[in-house]
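This report refers to the structure that appears directly beneath it.
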Amino acid sequence: MTDLMWRIAGGSGDGIDSTSQNFAKALMRAGLDVFTHRHYPSRIRGGHTYVEVRADEDPVRSRGNGFNFLLALGDSFARNPQEGTDTVYGNEQIKPLAENLDDLNEGGVIVYDEGLLDEETLERADLDLEARAEENDWHVYPLDLRGLAREHGREVMRNTAGVGATAALLDMDLDHIEDLMEDAMTGDVLEANLDILERAYDSVREEYEISHDLRVPTGDHDEQQVLMSGSNAVAYGAIDEGCRFISGYPMTPWTDVFTILSQHLPKFGGIAEQVEDEIAAASLAVGASHAGVKAMSGSSGGGFALMSEPLGLAEMTETPIVLIEAMRAGPSTGMPTKPEQADLEHILYTSQGDSCRVVFAPANVRECYEQTRAAFRLAYEYQLPAIVIIDQKLSGEMRNVDESFFDREPNADPGSVLTEDEIREAAHHESGKFKRYQHDAENGASPRSIPGQKDGRFLASGNEHTPEGHISESPTNRVAQMDRRMSKLDSIREELDGGDESHQTHYGPDDADYGLLVWGSQQDTVFEAVDQLNEAGGSVKALGVSDLMPYPEDEVSAFLESVESCLVVEMNASAQFRGLTQKELGRFGPKLNSLLKYNGEPFEPYEVVEGFERIVSRDAAIPEGTKFVPAAGD
């Protein structure tokens, strides 16, 4: 493998995330494709956290198999061992070194801060680093990064010293790193960081004879690149599609989208409101949309559960709204900073009665942008809620994208809203009220009026209602209104199937014998596994599904018909996407096997490879931390 897989580890509050982002930007500016993965605890300060940065001259779309360079800074905010916490939490100070060794590839490089992780600390942790390094051919470089930072600046700058040491060991030029520092800092702080960076770089080059083969790859981009996360892409897609109102309450990992939009919407004349809870957040967004603005809200897990009532209100009043659900491990608070795909059934069916909504699950930065825009377009054309599902992995991982990808026209179209002239010619009740909810509306969406439009007055009720909005329990009216609302999903499916591009992503040879089915953030990891399987002589293809409601029956059916057997890959314990597929396409149940992972860590490609081999050979083992569920009756 030619790619660099660099992991920086420390404690929450030690600047691990910002340091890794800057390092990834430097690699991107040097012409490489980059991908980041972050792991962090649900604590403000302290607790083992790490970020991986993978870089190569070829496209990089997922985590690698393990990693090959560890920069272990230690946890400077670890719980005090003098208070007896060692017996409960272990030696937290050394976890950034000790807990990352199992994933470090053979022949890998270790740099650790002996200014914090001294010999006494290593001995107390019973970590025989020397023996393990010899066994795995690791190349170990202990450096007093803390001491260097203290001597020439401040202790927090030991991250800068670690990056300087990394660059020296990888034979990497400092120019792009220094440029980033100059963009972000000024004055004495800049000078101190530049000094520490260069001193660490020179120290390594002078003190060590570099014995490892790992070097930073070389590459070149054809055009300008930007580095962004799924949260960035969702936020920018919303802005470009005309969203001008967001309301929310902070909850990891939804907070990233909320924060980005709160920072940027005012620049476009929009409004961002942080409110007291998620019920208020969704209700406020429904009200804003009713008044005529494109509106968004969202949450994670338990916060989204509180939105069930206003979500049902939006469905009954046919008020368009876009909601973001950023999944994390549950139930309840669960593991609030770890990824999981276990909210699927909750998102599809929460609220009251039969669901009438659009649900998309984008798989990467590009899809986050495009499908958020599609969610707004469909929500406001068909007057229903549209939900975009992401998760902690997709929310925070960073990728480089061609800047030109976002060079698109904005869209402020309010959807199926009538002008006052059109309202005047439209059907009205004898009382003068506009027939907002006509029984026989084309494609299911009866045109809207906005409060304040002349002759557009109607009643908006959460009860079942007549065309002008009066409460009604008439069986005939009920059937007519329900059938019309539900018919929107058929119209939307027809529109999506007839479009120029599908939201589903096919990968691998068309004539492959076996299939992998995946949804959401695990898609590109599965695609990398397909490459590895086929390079080893397999016959495998994959389908990444983004349209979850209405379900793309024709496209998934054609895929499943073309393979002998299929492995469904997802991060939950109950095979929810496999269950959805069997609900919609029951005849394919005997072909569907599951590979599940729900330990708080996303899949790595090798886990999918080994899980797939279980289809071909029932005797094949699967990786620790995953679960294989065979096809029904197998």
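Numbering starts fresh at 1 for the residues of each chain in the structure tokens, the chains themselves are lettered A, B, ... in the order given, and ligands are numbered from 1 as they appear.
Using only C-alpha atoms, the contacts of Glu114 (chain A) at a cut-off of 6 Å, with sequence neighbours closer than 6 positions omitted, comprise Pro142, Leu143 and Asp144 of chain A.
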Write to file, as a PDB file, in the first residue's frame, the residues of the selection just made, with C-alpha atoms.
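Contents of the output file out07.pdb:
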```
ATOM      1  CA  PRO A 142      10.186   8.835  21.697  1.00  0.00           C
ATOM      2  CA  LEU A 143      10.399  12.656  21.700  1.00  0.00           C
ATOM      3  CA  ASP A 144       9.992  15.246  24.451  1.00  0.00           C
TER       4      ASP A 144
END
```
inquiry  = Report as a list in words all protein, DNA and RNA residues lying within 7 Å of region 386-395 of chain A, evaluated on only C-alpha atoms, omitting residues in the same chain fewer than 3 positions from it.
reply    =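 Non-adjacent residues within range: Ser229, Gly230, Ser231, Pro253, Ile321, Val322, Leu323, Ile324, Glu325, Ala326, Met327, Arg328, Thr337, Lys338, Pro339, Glu340, Arg357, Val358, Val359, Phe360, Ala361, Pro362, Asn364, Thr372, Ala375, Ala379 and Ser521 of chain A.
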message = Can you tell me which residues surround Leu148 (chain A) at a distance of at most 8 Å, considering only C-alpha atoms, apart from same-chain residues fewer than 3 positions away, and format the answer as JSON, numbers by chain?
response = {"A": [144, 145, 151, 152, 158, 161, 196, 200]}
Save out the residues we just selected, C-alpha atoms, as a short mmCIF file (atom, residue, chain, number, x, y, z; two decimals), in the first residue's frame.
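And here's part.cif as it stands now:
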```
data_model
loop_
_atom_site.label_atom_id
_atom_site.label_comp_id
_atom_site.auth_asym_id
_atom_site.auth_seq_id
_atom_site.Cartn_x
_atom_site.Cartn_y
_atom_site.Cartn_z
CA ASP A 144 9.99 15.25 24.45
CA LEU A 145 7.33 17.22 22.60
CA GLU A 151 10.70 25.86 26.30
CA HIS A 152 9.82 27.76 23.14
CA ARG A 158 3.18 20.20 21.63
CA ALA A 161 5.91 19.81 17.67
CA ILE A 196 8.50 24.86 17.51
CA ALA A 200 10.94 19.53 16.12
#
```
ask   = Of the candidates A:Glu273, A:Glu209, A:Asp220, A:Asp413, which shows the shortest atom-to-atom distance to Glu241 (chain A), using only C-alpha atoms?
value =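 Closest candidate: A:Asp413.
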request  = Identify, on the basis of only C-alpha atoms, every residue whose closest approach to Ser562 (chain A) does not exceed 9 Å; exclude the query and any residue fewer than 2 positions from it along the same chain; express the result as JSON, numbers by chain.
outcome  = {"A": [510, 511, 512, 513, 514, 515, 557, 558, 559, 560, 564]}
Could those selected residues go to a file with C-alpha atoms, as a CSV table (one decimal), in the first residue's frame?
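Result file part_16.csv:
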```
chain,number,residue,atom,x,y,z
A,510,ASP,CA,-22.4,-5.5,-14.0
A,511,ASP,CA,-22.1,-9.3,-14.5
A,512,ALA,CA,-20.8,-10.1,-11.0
A,513,ASP,CA,-22.2,-13.2,-9.2
A,514,TYR,CA,-22.5,-11.8,-5.7
A,515,GLY,CA,-23.8,-8.6,-4.3
A,557,SER,CA,-35.1,-5.6,-7.5
A,558,ALA,CA,-33.0,-5.5,-10.7
A,559,PHE,CA,-29.8,-5.6,-8.6
A,560,LEU,CA,-31.0,-8.5,-6.4
A,564,GLU,CA,-26.8,-15.4,-6.5
```
Please identify all polymer residues within 10 Å of Arg614 (chain A), counting only C-alpha atoms, omitting same-chain residues fewer than 5 positions from it, and present them as an mmCIF file with N, CA and C atoms, in the first residue's frame.
```
data_model
loop_
_atom_site.group_PDB
_atom_site.id
_atom_site.type_symbol
_atom_site.label_atom_id
_atom_site.label_comp_id
_atom_site.auth_asym_id
_atom_site.auth_seq_id
_atom_site.Cartn_x
_atom_site.Cartn_y
_atom_site.Cartn_z
ATOM 1 N N LEU A 567 -25.045 -9.726 0.542
ATOM 2 C CA LEU A 567 -24.729 -9.390 1.924
ATOM 3 C C LEU A 567 -25.145 -7.954 2.184
ATOM 4 N N ASN A 593 -28.318 -11.908 3.300
ATOM 5 C CA ASN A 593 -27.566 -12.170 4.519
ATOM 6 C C ASN A 593 -27.175 -10.824 5.124
ATOM 7 N N LEU A 595 -24.417 -8.495 7.566
ATOM 8 C CA LEU A 595 -23.189 -8.268 8.320
ATOM 9 C C LEU A 595 -23.433 -7.027 9.165
ATOM 10 N N VAL A 608 -15.566 -6.092 5.957
ATOM 11 C CA VAL A 608 -16.567 -6.406 4.930
ATOM 12 C C VAL A 608 -16.081 -7.552 4.056
ATOM 13 N N VAL A 609 -14.797 -7.556 3.719
ATOM 14 C CA VAL A 609 -14.220 -8.639 2.920
ATOM 15 C C VAL A 609 -14.414 -9.980 3.634
ATOM 16 N N ASP A 619 -17.821 -21.688 6.519
ATOM 17 C CA ASP A 619 -16.829 -21.961 7.558
ATOM 18 C C ASP A 619 -15.929 -20.756 7.821
ATOM 19 N N ALA A 620 -15.992 -19.745 6.959
ATOM 20 C CA ALA A 620 -15.111 -18.588 7.110
ATOM 21 C C ALA A 620 -15.447 -17.837 8.389
ATOM 22 N N ALA A 621 -14.401 -17.370 9.067
ATOM 23 C CA ALA A 621 -14.589 -16.585 10.279
ATOM 24 C C ALA A 621 -14.946 -15.154 9.917
ATOM 25 N N ILE A 622 -15.525 -14.445 10.864
ATOM 26 C CA ILE A 622 -15.784 -13.016 10.681
ATOM 27 C C ILE A 622 -15.024 -12.260 11.754
ATOM 28 N N PHE A 628 -22.625 -11.964 11.801
ATOM 29 C CA PHE A 628 -23.146 -12.445 10.527
ATOM 30 C C PHE A 628 -24.489 -13.110 10.771
ATOM 31 N N VAL A 629 -25.522 -12.683 10.027
ATOM 32 C CA VAL A 629 -26.854 -13.272 10.133
ATOM 33 C C VAL A 629 -27.220 -13.818 8.761
ATOM 34 N N PRO A 630 -27.304 -15.145 8.601
ATOM 35 C CA PRO A 630 -27.558 -15.732 7.278
ATOM 36 C C PRO A 630 -28.976 -15.480 6.804
#
```
Step one, run DSSP on the backbone; step two, keep only residues of region 157-326 of chain A assigned to strand (DSSP E or B); then write them as a short mmCIF file (atom, residue, chain, number, x, y, z; two decimals) with C-alpha atoms, in the first residue's frame.
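What follows is the written file result.cif:
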```cif
data_model
loop_
_atom_site.label_atom_id
_atom_site.label_comp_id
_atom_site.auth_asym_id
_atom_site.auth_seq_id
_atom_site.Cartn_x
_atom_site.Cartn_y
_atom_site.Cartn_z
CA GLN A 225 -9.96 21.42 -3.81
CA VAL A 226 -11.99 22.12 -0.68
CA LEU A 227 -11.96 20.06 2.52
CA MET A 228 -15.32 19.56 4.17
CA SER A 229 -17.47 17.23 6.24
CA PHE A 245 -34.74 29.58 8.63
CA ILE A 246 -33.33 27.03 11.04
CA SER A 247 -34.33 26.26 14.61
CA GLY A 248 -32.72 23.71 16.85
CA ILE A 271 -32.65 33.47 10.69
CA ALA A 272 -31.26 30.88 13.11
CA GLU A 273 -32.96 30.25 16.45
CA GLN A 274 -31.72 28.11 19.33
CA ALA A 295 -37.27 26.02 6.87
CA MET A 296 -35.18 23.31 8.50
CA SER A 297 -34.71 21.73 11.89
CA GLY A 298 -33.19 18.51 13.15
CA SER A 299 -31.65 16.59 16.01
CA ILE A 321 -40.20 21.06 6.10
CA VAL A 322 -36.73 19.47 6.00
CA LEU A 323 -35.41 17.67 9.07
CA ILE A 324 -31.91 16.31 9.66
CA GLU A 325 -31.48 13.22 11.83
CA ALA A 326 -27.84 12.69 12.82
#
```
message = Taking only C-alpha atoms into account, name the residue in A:Thr166, A:Gln341, A:Asn572, A:Asn22 that is nearest to Leu71 (chain A).
response =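 The answer is A:Thr166, which sits nearest to Leu71 (chain A).
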inquiry  = For the structure I just gave you, how does DSSP split region 185-366 of chain A - specifically, which residues are alpha helix (DSSP H)? Reply as a PyMOL selection string.
reply    = chain A and resi 187-207+230-240+255-264+278-290+301-305+308-317+344-349+365-366
request  = Name all residues at most 8 Å from Thr160 (chain A) (count only C-alpha atoms; drop same-chain ones fewer than 2 positions away) and give them as a ChimeraX atom specification.
outcome  = /A:19,157-158,162-164,193,196-197
Now that the selection is made, can you save its residues with C-alpha atoms as a CSV table (one decimal), in the first residue's frame?
```csv
chain,number,residue,atom,x,y,z
A,19,THR,CA,-4.5,19.7,14.5
A,157,MET,CA,1.9,23.8,21.2
A,158,ARG,CA,3.2,20.2,21.6
A,162,GLY,CA,4.3,16.5,16.9
A,163,VAL,CA,3.4,17.6,13.4
A,164,GLY,CA,6.9,18.8,12.8
A,193,ASN,CA,4.4,27.9,16.6
A,196,ILE,CA,8.5,24.9,17.5
A,197,LEU,CA,7.5,23.3,14.2
```
